[in-house]
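*Asks:* One file is attached below, coords-v1.txt, containing compact mmCIF, all heavy atoms.
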```
# COMPACT_ATOMS: atom_id res chain seq x y z
N MET A 739 283.58 132.86 154.34
CA MET A 739 282.42 132.45 153.58
C MET A 739 282.66 132.86 152.13
O MET A 739 283.15 133.93 151.84
CB MET A 739 281.18 133.15 154.14
CG MET A 739 279.93 132.70 153.45
SD MET A 739 278.38 133.44 154.04
CE MET A 739 278.62 133.71 155.75
N LEU A 740 282.33 131.95 151.22
CA LEU A 740 282.50 132.19 149.79
C LEU A 740 281.27 131.65 149.09
O LEU A 740 280.84 130.54 149.35
CB LEU A 740 283.76 131.47 149.29
CG LEU A 740 284.11 131.58 147.83
CD1 LEU A 740 284.48 133.02 147.48
CD2 LEU A 740 285.28 130.65 147.50
N GLY A 741 280.69 132.44 148.21
CA GLY A 741 279.49 131.98 147.52
C GLY A 741 279.40 132.48 146.10
O GLY A 741 279.98 133.50 145.75
N ASP A 742 278.69 131.71 145.29
CA ASP A 742 278.39 132.11 143.92
C ASP A 742 277.10 131.42 143.50
O ASP A 742 276.40 130.85 144.34
CB ASP A 742 279.55 131.82 142.96
CG ASP A 742 279.85 130.35 142.78
OD1 ASP A 742 279.05 129.49 143.23
OD2 ASP A 742 280.88 130.03 142.19
N ALA A 743 276.79 131.44 142.23
CA ALA A 743 275.55 130.84 141.75
C ALA A 743 275.50 129.34 141.95
O ALA A 743 274.43 128.74 141.93
CB ALA A 743 275.37 131.18 140.27
N ASN A 744 276.66 128.72 142.17
CA ASN A 744 276.72 127.27 142.36
C ASN A 744 276.55 126.83 143.80
O ASN A 744 276.33 125.67 144.07
CB ASN A 744 278.05 126.72 141.84
CG ASN A 744 278.16 126.87 140.35
OD1 ASN A 744 277.23 126.56 139.63
ND2 ASN A 744 279.29 127.36 139.88
N GLY A 745 276.69 127.77 144.74
CA GLY A 745 276.54 127.36 146.13
C GLY A 745 277.30 128.25 147.09
O GLY A 745 277.81 129.30 146.72
N LEU A 746 277.35 127.81 148.32
CA LEU A 746 277.97 128.56 149.40
C LEU A 746 278.94 127.65 150.13
O LEU A 746 278.64 126.49 150.43
CB LEU A 746 276.88 129.04 150.37
CG LEU A 746 277.30 129.85 151.56
CD1 LEU A 746 277.92 131.17 151.12
CD2 LEU A 746 276.10 130.11 152.46
N LEU A 747 280.12 128.18 150.43
CA LEU A 747 281.15 127.44 151.15
C LEU A 747 281.53 128.24 152.38
O LEU A 747 281.84 129.43 152.28
CB LEU A 747 282.37 127.23 150.25
CG LEU A 747 283.60 126.61 150.90
CD1 LEU A 747 283.29 125.18 151.34
CD2 LEU A 747 284.77 126.63 149.96
N ILE A 748 281.49 127.58 153.52
CA ILE A 748 281.89 128.23 154.77
C ILE A 748 283.07 127.45 155.33
O ILE A 748 282.98 126.25 155.57
CB ILE A 748 280.72 128.25 155.78
CG1 ILE A 748 279.54 129.02 155.18
CG2 ILE A 748 281.16 128.86 157.09
CD1 ILE A 748 278.28 128.95 155.98
N ALA A 749 284.21 128.14 155.47
CA ALA A 749 285.42 127.51 155.97
C ALA A 749 286.32 128.60 156.54
O ALA A 749 286.16 129.78 156.22
CB ALA A 749 286.13 126.77 154.84
N PRO A 750 287.29 128.21 157.37
CA PRO A 750 288.25 129.20 157.87
C PRO A 750 289.00 129.85 156.71
O PRO A 750 289.30 129.20 155.71
CB PRO A 750 289.20 128.36 158.73
CG PRO A 750 288.45 127.12 159.07
CD PRO A 750 287.52 126.87 157.91
N ALA A 751 289.30 131.13 156.85
CA ALA A 751 289.96 131.90 155.78
C ALA A 751 291.25 131.23 155.32
O ALA A 751 291.54 131.20 154.12
CB ALA A 751 290.22 133.32 156.23
N GLY A 752 292.02 130.69 156.23
CA GLY A 752 293.27 130.03 155.87
C GLY A 752 293.05 128.84 154.97
O GLY A 752 293.83 128.58 154.05
N ARG A 753 292.00 128.10 155.20
CA ARG A 753 291.70 126.93 154.36
C ARG A 753 291.29 127.37 152.97
O ARG A 753 291.69 126.78 151.97
CB ARG A 753 290.60 126.09 155.01
CG ARG A 753 290.24 124.87 154.24
CD ARG A 753 291.40 123.87 154.21
NE ARG A 753 291.03 122.73 153.38
CZ ARG A 753 291.77 122.26 152.40
NH1 ARG A 753 292.95 122.79 152.14
NH2 ARG A 753 291.36 121.25 151.68
N LEU A 754 290.46 128.43 152.89
CA LEU A 754 290.05 128.94 151.58
C LEU A 754 291.25 129.43 150.78
O LEU A 754 291.36 129.17 149.59
CB LEU A 754 289.01 130.05 151.73
CG LEU A 754 287.66 129.63 152.28
CD1 LEU A 754 286.76 130.84 152.46
CD2 LEU A 754 286.99 128.62 151.38
N ALA A 755 292.15 130.12 151.46
CA ALA A 755 293.35 130.62 150.78
C ALA A 755 294.19 129.47 150.24
O ALA A 755 294.77 129.57 149.16
CB ALA A 755 294.17 131.48 151.73
N ALA A 756 294.21 128.37 150.96
CA ALA A 756 295.02 127.22 150.56
C ALA A 756 294.49 126.55 149.29
O ALA A 756 295.26 125.94 148.55
CB ALA A 756 295.07 126.19 151.69
N VAL A 757 293.21 126.66 149.01
CA VAL A 757 292.64 126.00 147.83
C VAL A 757 292.24 126.98 146.74
O VAL A 757 291.70 126.58 145.72
CB VAL A 757 291.43 125.11 148.21
CG1 VAL A 757 291.85 124.02 149.16
CG2 VAL A 757 290.30 125.94 148.77
N LEU A 758 292.52 128.26 146.93
CA LEU A 758 292.09 129.28 145.97
C LEU A 758 292.64 129.05 144.57
O LEU A 758 291.89 129.10 143.59
CB LEU A 758 292.47 130.68 146.47
CG LEU A 758 291.95 131.85 145.66
CD1 LEU A 758 290.43 131.81 145.59
CD2 LEU A 758 292.41 133.15 146.26
N ASP A 759 293.92 128.77 144.44
CA ASP A 759 294.51 128.56 143.11
C ASP A 759 293.87 127.36 142.41
O ASP A 759 293.60 127.41 141.22
CB ASP A 759 296.02 128.35 143.21
CG ASP A 759 296.76 129.64 143.56
OD1 ASP A 759 296.20 130.73 143.32
OD2 ASP A 759 297.89 129.55 144.08
N GLU A 760 293.62 126.30 143.17
CA GLU A 760 292.99 125.12 142.58
C GLU A 760 291.57 125.44 142.13
O GLU A 760 291.14 125.00 141.07
CB GLU A 760 292.97 123.98 143.60
CG GLU A 760 292.42 122.70 143.05
CD GLU A 760 292.49 121.57 144.05
OE1 GLU A 760 293.26 121.63 145.02
OE2 GLU A 760 291.76 120.59 143.82
N ALA A 761 290.85 126.22 142.91
CA ALA A 761 289.48 126.58 142.55
C ALA A 761 289.46 127.45 141.29
O ALA A 761 288.61 127.26 140.42
CB ALA A 761 288.81 127.32 143.70
N ILE A 762 290.38 128.36 141.18
CA ILE A 762 290.45 129.22 139.99
C ILE A 762 290.77 128.38 138.75
O ILE A 762 290.16 128.56 137.69
CB ILE A 762 291.48 130.35 140.20
CG1 ILE A 762 290.94 131.34 141.25
CG2 ILE A 762 291.79 131.06 138.88
CD1 ILE A 762 291.96 132.35 141.72
N ALA A 763 291.70 127.46 138.88
CA ALA A 763 292.04 126.58 137.76
C ALA A 763 290.84 125.72 137.37
O ALA A 763 290.58 125.50 136.18
CB ALA A 763 293.23 125.70 138.12
N ASP A 764 290.11 125.24 138.36
CA ASP A 764 288.92 124.42 138.09
C ASP A 764 287.88 125.22 137.32
O ASP A 764 287.28 124.72 136.37
CB ASP A 764 288.35 123.89 139.40
CG ASP A 764 287.19 122.95 139.18
OD1 ASP A 764 287.40 121.90 138.56
OD2 ASP A 764 286.07 123.27 139.63
N ASP A 765 287.65 126.46 137.73
CA ASP A 765 286.69 127.31 137.03
C ASP A 765 287.12 127.56 135.59
O ASP A 765 286.28 127.65 134.69
CB ASP A 765 286.52 128.64 137.75
CG ASP A 765 285.58 128.54 138.93
OD1 ASP A 765 284.97 127.47 139.13
OD2 ASP A 765 285.45 129.53 139.67
N ALA A 766 288.42 127.66 135.35
CA ALA A 766 288.92 127.91 134.00
C ALA A 766 288.62 126.73 133.07
O ALA A 766 288.51 126.90 131.86
CB ALA A 766 290.42 128.18 134.03
N GLU A 767 288.46 125.52 133.65
CA GLU A 767 288.18 124.34 132.85
C GLU A 767 286.69 124.20 132.50
O GLU A 767 286.33 123.43 131.62
CB GLU A 767 288.62 123.08 133.59
CG GLU A 767 290.12 122.99 133.78
CD GLU A 767 290.53 121.80 134.63
OE1 GLU A 767 289.65 121.02 135.04
OE2 GLU A 767 291.73 121.67 134.89
N GLU A 768 285.82 124.94 133.17
CA GLU A 768 284.38 124.76 132.98
C GLU A 768 283.90 124.95 131.55
O GLU A 768 283.06 124.17 131.09
CB GLU A 768 283.60 125.63 133.95
CG GLU A 768 283.57 125.05 135.34
CD GLU A 768 282.59 125.73 136.26
OE1 GLU A 768 281.69 126.44 135.79
OE2 GLU A 768 282.74 125.54 137.47
N PRO A 769 284.38 125.95 130.80
CA PRO A 769 283.88 126.06 129.42
C PRO A 769 284.14 124.81 128.60
O PRO A 769 283.29 124.39 127.82
CB PRO A 769 284.64 127.28 128.86
CG PRO A 769 284.95 128.11 130.07
CD PRO A 769 285.22 127.09 131.16
N GLY A 770 285.29 124.19 128.78
CA GLY A 770 285.58 122.94 128.08
C GLY A 770 284.68 121.81 128.54
O GLY A 770 284.20 121.01 127.73
N LEU A 771 284.43 121.76 129.83
CA LEU A 771 283.54 120.73 130.38
C LEU A 771 282.13 120.89 129.83
O LEU A 771 281.51 119.93 129.39
CB LEU A 771 283.52 120.81 131.91
CG LEU A 771 282.58 119.86 132.63
CD1 LEU A 771 283.02 118.42 132.42
CD2 LEU A 771 282.51 120.20 134.10
N ILE A 772 281.65 122.10 129.79
CA ILE A 772 280.31 122.36 129.26
C ILE A 772 280.23 121.99 127.79
O ILE A 772 279.26 121.39 127.33
CB ILE A 772 279.90 123.83 129.52
CG1 ILE A 772 279.70 124.03 131.03
CG2 ILE A 772 278.64 124.19 128.75
CD1 ILE A 772 279.55 125.47 131.45
N ALA A 773 281.26 122.31 127.03
CA ALA A 773 281.28 121.95 125.61
C ALA A 773 281.24 120.43 125.44
O ALA A 773 280.50 119.92 124.59
CB ALA A 773 282.53 122.53 124.93
N ASP A 774 282.01 119.72 126.27
CA ASP A 774 282.00 118.25 126.19
C ASP A 774 280.63 117.70 126.55
O ASP A 774 280.14 116.75 125.91
CB ASP A 774 283.05 117.66 127.13
CG ASP A 774 284.47 117.90 126.66
OD1 ASP A 774 284.66 118.21 125.46
OD2 ASP A 774 285.40 117.79 127.48
N LEU A 775 279.98 118.26 127.55
CA LEU A 775 278.63 117.82 127.93
C LEU A 775 277.64 118.05 126.79
O LEU A 775 276.81 117.19 126.51
CB LEU A 775 278.16 118.55 129.19
CG LEU A 775 278.86 118.16 130.48
CD1 LEU A 775 278.49 119.14 131.60
CD2 LEU A 775 278.53 116.74 130.88
N ARG A 776 277.75 119.18 126.14
CA ARG A 776 276.85 119.49 125.02
C ARG A 776 277.07 118.54 123.84
O ARG A 776 276.17 118.33 123.04
CB ARG A 776 277.02 120.94 124.60
CG ARG A 776 276.41 121.89 125.60
CD ARG A 776 276.42 123.31 125.12
NE ARG A 776 275.70 124.14 126.08
CZ ARG A 776 275.99 125.39 126.33
NH1 ARG A 776 276.97 126.00 125.68
NH2 ARG A 776 275.29 126.07 127.21
N GLN A 777 278.27 117.97 123.75
CA GLN A 777 278.56 117.02 122.68
C GLN A 777 278.14 115.60 123.08
O GLN A 777 278.36 114.65 122.34
CB GLN A 777 280.04 117.04 122.33
CG GLN A 777 280.45 118.33 121.64
CD GLN A 777 281.94 118.35 121.32
OE1 GLN A 777 282.67 117.41 121.58
NE2 GLN A 777 282.38 119.46 120.76
N GLY A 778 277.55 115.46 124.26
CA GLY A 778 277.02 114.18 124.68
C GLY A 778 277.90 113.35 125.60
O GLY A 778 277.55 112.22 125.93
N GLU A 779 279.02 113.89 126.01
CA GLU A 779 279.89 113.15 126.93
C GLU A 779 279.21 113.05 128.30
O GLU A 779 278.69 114.04 128.80
CB GLU A 779 281.24 113.85 127.09
CG GLU A 779 282.08 113.86 125.83
CD GLU A 779 282.57 112.48 125.46
OE1 GLU A 779 282.80 111.64 126.35
OE2 GLU A 779 282.73 112.23 124.25
N PRO A 780 279.22 111.88 128.92
CA PRO A 780 278.63 111.74 130.25
C PRO A 780 279.45 112.48 131.31
O PRO A 780 280.69 112.40 131.31
CB PRO A 780 278.66 110.24 130.52
CG PRO A 780 279.01 109.59 129.22
CD PRO A 780 279.69 110.62 128.38
N LEU A 781 278.77 113.17 132.21
CA LEU A 781 279.45 113.93 133.26
C LEU A 781 280.35 113.03 134.09
O LEU A 781 281.48 113.39 134.42
CB LEU A 781 278.43 114.65 134.14
CG LEU A 781 279.00 115.48 135.29
CD1 LEU A 781 279.91 116.58 134.75
CD2 LEU A 781 277.88 116.07 136.13
N GLY A 782 279.87 111.86 134.44
CA GLY A 782 280.66 110.94 135.25
C GLY A 782 281.96 110.53 134.59
O GLY A 782 282.98 110.35 135.26
N ALA A 783 281.94 110.40 133.28
CA ALA A 783 283.17 110.05 132.55
C ALA A 783 284.14 111.23 132.54
O ALA A 783 285.35 111.05 132.64
CB ALA A 783 282.83 109.64 131.13
N LEU A 784 283.61 112.43 132.43
CA LEU A 784 284.45 113.63 132.37
C LEU A 784 285.09 113.95 133.72
O LEU A 784 286.20 114.48 133.77
CB LEU A 784 283.64 114.82 131.88
CG LEU A 784 283.12 114.71 130.45
CD1 LEU A 784 282.14 115.83 130.16
CD2 LEU A 784 284.27 114.73 129.45
N THR A 785 284.38 113.67 134.79
CA THR A 785 284.88 114.02 136.12
C THR A 785 285.61 112.88 136.81
O THR A 785 286.24 113.09 137.84
CB THR A 785 283.72 114.45 137.04
OG1 THR A 785 282.84 113.33 137.22
CG2 THR A 785 282.97 115.64 136.47
N GLY A 786 285.49 111.69 136.26
CA GLY A 786 286.09 110.53 136.90
C GLY A 786 285.18 109.85 137.90
O GLY A 786 285.52 108.82 138.48
N ALA A 787 283.98 110.39 138.11
CA ALA A 787 283.05 109.83 139.09
C ALA A 787 282.61 108.43 138.71
O ALA A 787 282.48 107.56 139.57
CB ALA A 787 281.85 110.75 139.25
N THR A 788 282.39 108.18 137.44
CA THR A 788 281.96 106.86 137.00
C THR A 788 283.02 105.81 137.34
O THR A 788 282.70 104.74 137.87
CB THR A 788 281.68 106.85 135.48
OG1 THR A 788 280.63 107.78 135.22
CG2 THR A 788 281.27 105.48 135.00
N ALA A 789 284.26 106.12 137.10
CA ALA A 789 285.34 105.18 137.41
C ALA A 789 285.42 104.90 138.90
O ALA A 789 285.65 103.76 139.32
CB ALA A 789 286.67 105.71 136.89
N VAL A 790 285.24 105.92 139.71
CA VAL A 790 285.28 105.74 141.17
C VAL A 790 284.16 104.82 141.62
O VAL A 790 284.37 103.89 142.40
CB VAL A 790 285.20 107.10 141.90
CG1 VAL A 790 285.01 106.92 143.39
CG2 VAL A 790 286.45 107.92 141.61
N VAL A 791 282.94 105.05 141.12
CA VAL A 791 281.81 104.22 141.51
C VAL A 791 282.01 102.79 141.04
O VAL A 791 281.76 101.83 141.79
CB VAL A 791 280.49 104.81 140.96
CG1 VAL A 791 279.33 103.84 141.16
CG2 VAL A 791 280.19 106.14 141.62
N GLU A 792 282.49 102.62 139.81
CA GLU A 792 282.74 101.26 139.30
C GLU A 792 283.77 100.53 140.14
O GLU A 792 283.62 99.34 140.44
CB GLU A 792 283.18 101.33 137.83
CG GLU A 792 282.05 101.71 136.89
CD GLU A 792 282.51 101.95 135.46
OE1 GLU A 792 283.74 102.07 135.22
OE2 GLU A 792 281.63 102.04 134.60
N LYS A 793 284.81 101.24 140.56
CA LYS A 793 285.84 100.64 141.41
C LYS A 793 285.26 100.23 142.76
O LYS A 793 285.55 99.15 143.27
CB LYS A 793 286.99 101.62 141.58
CG LYS A 793 288.17 101.04 142.33
CD LYS A 793 289.31 102.03 142.38
CE LYS A 793 290.49 101.46 143.14
NZ LYS A 793 291.63 102.37 143.17
N LEU A 794 284.43 101.08 143.33
CA LEU A 794 283.81 100.77 144.63
C LEU A 794 282.87 99.57 144.51
O LEU A 794 282.83 98.73 145.40
CB LEU A 794 283.05 101.98 145.16
CG LEU A 794 283.91 103.15 145.64
CD1 LEU A 794 283.04 104.36 145.92
CD2 LEU A 794 284.72 102.76 146.86
N LEU A 795 282.12 99.51 143.43
CA LEU A 795 281.19 98.40 143.25
C LEU A 795 281.90 97.07 143.01
O LEU A 795 281.39 96.02 143.37
CB LEU A 795 280.25 98.70 142.08
CG LEU A 795 279.23 99.82 142.32
CD1 LEU A 795 278.47 100.11 141.03
CD2 LEU A 795 278.29 99.48 143.45
N ALA A 796 283.09 97.14 142.42
CA ALA A 796 283.85 95.94 142.12
C ALA A 796 284.55 95.37 143.36
O ALA A 796 284.94 94.20 143.36
CB ALA A 796 284.89 96.22 141.04
N SER A 797 284.69 96.18 144.37
CA SER A 797 285.43 95.70 145.57
C SER A 797 284.52 95.07 146.58
O SER A 797 283.37 95.01 146.53
CB SER A 797 286.21 96.83 146.21
OG SER A 797 285.36 97.89 146.60
```
Give the structure from this file in structure tokens form.
*Replies:*
Amino acid sequence: MLGDANGLLIAPAGRLAAVLDEAIADDAEEPGLIADLRQGEPLGALTGATAVVEKLLAS
């Protein structure tokens, strides 16, 4: 089990260990993401979510 102010994740310890480095790297990017959001950049554009939805809608 892993939790913080953003939520709670429950998974086998081996799975958490496998994604730990990626999660740490993702957290390191958050200050830049927050700065971009404050400058008016849409979250979907920053995360790629908008492109995924547009692709799904086009198919």
*Asks:* Out of chain A, which residues get strand (DSSP E or B) from DSSP, as a list of chain:residue names?
*Replies:* A:Leu740, A:Gly741, A:Asp742, A:Gly745, A:Leu746, A:Leu747
*Asks:* Using Å and a single decimal, report how far CA of Ala755 in chain A sits from CA of Met739 in chain A.
*Replies:* 11.4 Å
*Asks:* Please tabulate, as JSON lines, the residues of range 745-784 of chain A that come within 6 Å of range 788-792 of chain A, each with its closest pair of atoms and the distance in Å to one decimal, counting all atoms listed in the file and ordering rows by chain, then residue number upward.
*Replies:*
```
{"residue": "A:Pro780", "atom": "CB", "partner": "A:Thr788", "partner_atom": "OG1", "distance": 5.7}
{"residue": "A:Leu781", "atom": "C", "partner": "A:Thr788", "partner_atom": "OG1", "distance": 5.4}
{"residue": "A:Gly782", "atom": "C", "partner": "A:Thr788", "partner_atom": "OG1", "distance": 3.1}
{"residue": "A:Ala783", "atom": "N", "partner": "A:Thr788", "partner_atom": "OG1", "distance": 3.5}
```
*Asks:* Quick one: residues within 5 Å of range 766-777 of chain A, all atoms listed in the file counted, chain neighbours fewer than 5 positions away excluded, as a PyMOL selection string?
*Replies:* chain A and resi 744+784-785
*Asks:* Suppose we keep all heavy atoms; can you now write the selection as a PDB file, keeping the file's coordinate frame?
*Replies:*
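Below you can see again-v4.pdb, which holds the result:
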```
ATOM      1  N   ASN A 744     276.660 128.720 142.170  1.00  0.00           N
ATOM      2  CA  ASN A 744     276.720 127.270 142.360  1.00  0.00           C
ATOM      3  C   ASN A 744     276.550 126.830 143.800  1.00  0.00           C
ATOM      4  O   ASN A 744     276.330 125.670 144.070  1.00  0.00           O
ATOM      5  CB  ASN A 744     278.050 126.720 141.840  1.00  0.00           C
ATOM      6  CG  ASN A 744     278.160 126.870 140.350  1.00  0.00           C
ATOM      7  OD1 ASN A 744     277.230 126.560 139.630  1.00  0.00           O
ATOM      8  ND2 ASN A 744     279.290 127.360 139.880  1.00  0.00           N
ATOM      9  N   LEU A 784     283.610 112.430 132.430  1.00  0.00           N
ATOM     10  CA  LEU A 784     284.450 113.630 132.370  1.00  0.00           C
ATOM     11  C   LEU A 784     285.090 113.950 133.720  1.00  0.00           C
ATOM     12  O   LEU A 784     286.200 114.480 133.770  1.00  0.00           O
ATOM     13  CB  LEU A 784     283.640 114.820 131.880  1.00  0.00           C
ATOM     14  CG  LEU A 784     283.120 114.710 130.450  1.00  0.00           C
ATOM     15  CD1 LEU A 784     282.140 115.830 130.160  1.00  0.00           C
ATOM     16  CD2 LEU A 784     284.270 114.730 129.450  1.00  0.00           C
ATOM     17  N   THR A 785     284.380 113.670 134.790  1.00  0.00           N
ATOM     18  CA  THR A 785     284.880 114.020 136.120  1.00  0.00           C
ATOM     19  C   THR A 785     285.610 112.880 136.810  1.00  0.00           C
ATOM     20  O   THR A 785     286.240 113.090 137.840  1.00  0.00           O
ATOM     21  CB  THR A 785     283.720 114.450 137.040  1.00  0.00           C
ATOM     22  OG1 THR A 785     282.840 113.330 137.220  1.00  0.00           O
ATOM     23  CG2 THR A 785     282.970 115.640 136.470  1.00  0.00           C
TER      24      THR A 785
END
```
*Asks:* So that I can check the secondary structure, give me every residue of chain A assigned helix (DSSP H, G or I) by backbone DSSP, as JSON, numbers by chain.
*Replies:* {"A": [751, 752, 753, 754, 755, 756, 757, 758, 759, 760, 761, 762, 763, 764, 765, 766, 767, 768, 769, 770, 771, 772, 773, 774, 775, 776, 781, 782, 783, 784, 785, 787, 788, 789, 790, 791, 792, 793, 794, 795, 796]}
*Asks:* Could you check which of A:Leu740, A:Gly778, A:Leu795, A:Ala787 is closest to Leu758 in chain A, using all atoms listed in the file?
*Replies:*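 The shortest atom-to-atom distance to Leu758 in chain A comes from A:Leu740.
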*Asks:* Please write N, CA, C and O atoms of range 779-796 of chain A, from the structure given just now, as a PDB file, in the first residue's frame.
*Replies:*
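Contents of selection-v6.pdb, freshly written:
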```pdb
ATOM      1  N   GLU A 779      -1.459  26.782 -19.929  1.00  0.00           N
ATOM      2  CA  GLU A 779      -1.437  25.595 -20.793  1.00  0.00           C
ATOM      3  C   GLU A 779      -2.516  24.611 -20.344  1.00  0.00           C
ATOM      4  O   GLU A 779      -2.667  24.357 -19.154  1.00  0.00           O
ATOM      5  N   PRO A 780      -3.275  24.046 -21.276  1.00  0.00           N
ATOM      6  CA  PRO A 780      -4.301  23.069 -20.910  1.00  0.00           C
ATOM      7  C   PRO A 780      -3.670  21.765 -20.411  1.00  0.00           C
ATOM      8  O   PRO A 780      -2.702  21.272 -21.012  1.00  0.00           O
ATOM      9  N   LEU A 781      -4.226  21.207 -19.353  1.00  0.00           N
ATOM     10  CA  LEU A 781      -3.697  19.966 -18.779  1.00  0.00           C
ATOM     11  C   LEU A 781      -3.687  18.851 -19.815  1.00  0.00           C
ATOM     12  O   LEU A 781      -2.724  18.095 -19.919  1.00  0.00           O
ATOM     13  N   GLY A 782      -4.745  18.734 -20.585  1.00  0.00           N
ATOM     14  CA  GLY A 782      -4.814  17.678 -21.597  1.00  0.00           C
ATOM     15  C   GLY A 782      -3.711  17.765 -22.626  1.00  0.00           C
ATOM     16  O   GLY A 782      -3.209  16.747 -23.101  1.00  0.00           O
ATOM     17  N   ALA A 783      -3.321  18.974 -22.974  1.00  0.00           N
ATOM     18  CA  ALA A 783      -2.226  19.155 -23.932  1.00  0.00           C
ATOM     19  C   ALA A 783      -0.887  18.767 -23.306  1.00  0.00           C
ATOM     20  O   ALA A 783      -0.026  18.191 -23.967  1.00  0.00           O
ATOM     21  N   LEU A 784      -0.723  19.067 -22.036  1.00  0.00           N
ATOM     22  CA  LEU A 784       0.537  18.777 -21.348  1.00  0.00           C
ATOM     23  C   LEU A 784       0.719  17.286 -21.085  1.00  0.00           C
ATOM     24  O   LEU A 784       1.840  16.787 -21.082  1.00  0.00           O
ATOM     25  N   THR A 785      -0.370  16.584 -20.848  1.00  0.00           N
ATOM     26  CA  THR A 785      -0.280  15.164 -20.510  1.00  0.00           C
ATOM     27  C   THR A 785      -0.463  14.248 -21.708  1.00  0.00           C
ATOM     28  O   THR A 785      -0.223  13.055 -21.613  1.00  0.00           O
ATOM     29  N   GLY A 786      -0.920  14.812 -22.812  1.00  0.00           N
ATOM     30  CA  GLY A 786      -1.195  13.996 -23.984  1.00  0.00           C
ATOM     31  C   GLY A 786      -2.610  13.455 -24.018  1.00  0.00           C
ATOM     32  O   GLY A 786      -3.013  12.793 -24.974  1.00  0.00           O
ATOM     33  N   ALA A 787      -3.402  13.737 -22.982  1.00  0.00           N
ATOM     34  CA  ALA A 787      -4.764  13.217 -22.910  1.00  0.00           C
ATOM     35  C   ALA A 787      -5.637  13.754 -24.031  1.00  0.00           C
ATOM     36  O   ALA A 787      -6.453  13.019 -24.593  1.00  0.00           O
ATOM     37  N   THR A 788      -5.472  15.004 -24.386  1.00  0.00           N
ATOM     38  CA  THR A 788      -6.275  15.591 -25.456  1.00  0.00           C
ATOM     39  C   THR A 788      -6.027  14.863 -26.773  1.00  0.00           C
ATOM     40  O   THR A 788      -6.975  14.520 -27.493  1.00  0.00           O
ATOM     41  N   ALA A 789      -4.794  14.581 -27.075  1.00  0.00           N
ATOM     42  CA  ALA A 789      -4.461  13.879 -28.315  1.00  0.00           C
ATOM     43  C   ALA A 789      -5.057  12.475 -28.324  1.00  0.00           C
ATOM     44  O   ALA A 789      -5.552  12.017 -29.358  1.00  0.00           O
ATOM     45  N   VAL A 790      -5.029  11.799 -27.198  1.00  0.00           N
ATOM     46  CA  VAL A 790      -5.597  10.450 -27.120  1.00  0.00           C
ATOM     47  C   VAL A 790      -7.096  10.493 -27.368  1.00  0.00           C
ATOM     48  O   VAL A 790      -7.634   9.700 -28.150  1.00  0.00           O
ATOM     49  N   VAL A 791      -7.794  11.437 -26.736  1.00  0.00           N
ATOM     50  CA  VAL A 791      -9.240  11.545 -26.919  1.00  0.00           C
ATOM     51  C   VAL A 791      -9.571  11.907 -28.362  1.00  0.00           C
ATOM     52  O   VAL A 791     -10.486  11.329 -28.969  1.00  0.00           O
ATOM     53  N   GLU A 792      -8.820  12.840 -28.931  1.00  0.00           N
ATOM     54  CA  GLU A 792      -9.061  13.219 -30.333  1.00  0.00           C
ATOM     55  C   GLU A 792      -8.867  12.043 -31.269  1.00  0.00           C
ATOM     56  O   GLU A 792      -9.643  11.836 -32.210  1.00  0.00           O
ATOM     57  N   LYS A 793      -7.849  11.239 -31.015  1.00  0.00           N
ATOM     58  CA  LYS A 793      -7.594  10.051 -31.833  1.00  0.00           C
ATOM     59  C   LYS A 793      -8.736   9.043 -31.706  1.00  0.00           C
ATOM     60  O   LYS A 793      -9.186   8.475 -32.694  1.00  0.00           O
ATOM     61  N   LEU A 794      -9.222   8.847 -30.497  1.00  0.00           N
ATOM     62  CA  LEU A 794     -10.329   7.912 -30.272  1.00  0.00           C
ATOM     63  C   LEU A 794     -11.606   8.407 -30.957  1.00  0.00           C
ATOM     64  O   LEU A 794     -12.354   7.611 -31.527  1.00  0.00           O
ATOM     65  N   LEU A 795     -11.854   9.692 -30.880  1.00  0.00           N
ATOM     66  CA  LEU A 795     -13.061  10.249 -31.501  1.00  0.00           C
ATOM     67  C   LEU A 795     -13.012  10.184 -33.025  1.00  0.00           C
ATOM     68  O   LEU A 795     -14.040  10.072 -33.681  1.00  0.00           O
ATOM     69  N   ALA A 796     -11.805  10.257 -33.577  1.00  0.00           N
ATOM     70  CA  ALA A 796     -11.635  10.231 -35.026  1.00  0.00           C
ATOM     71  C   ALA A 796     -11.775   8.820 -35.606  1.00  0.00           C
ATOM     72  O   ALA A 796     -12.002   8.671 -36.809  1.00  0.00           O
TER      73      ALA A 796
END
```
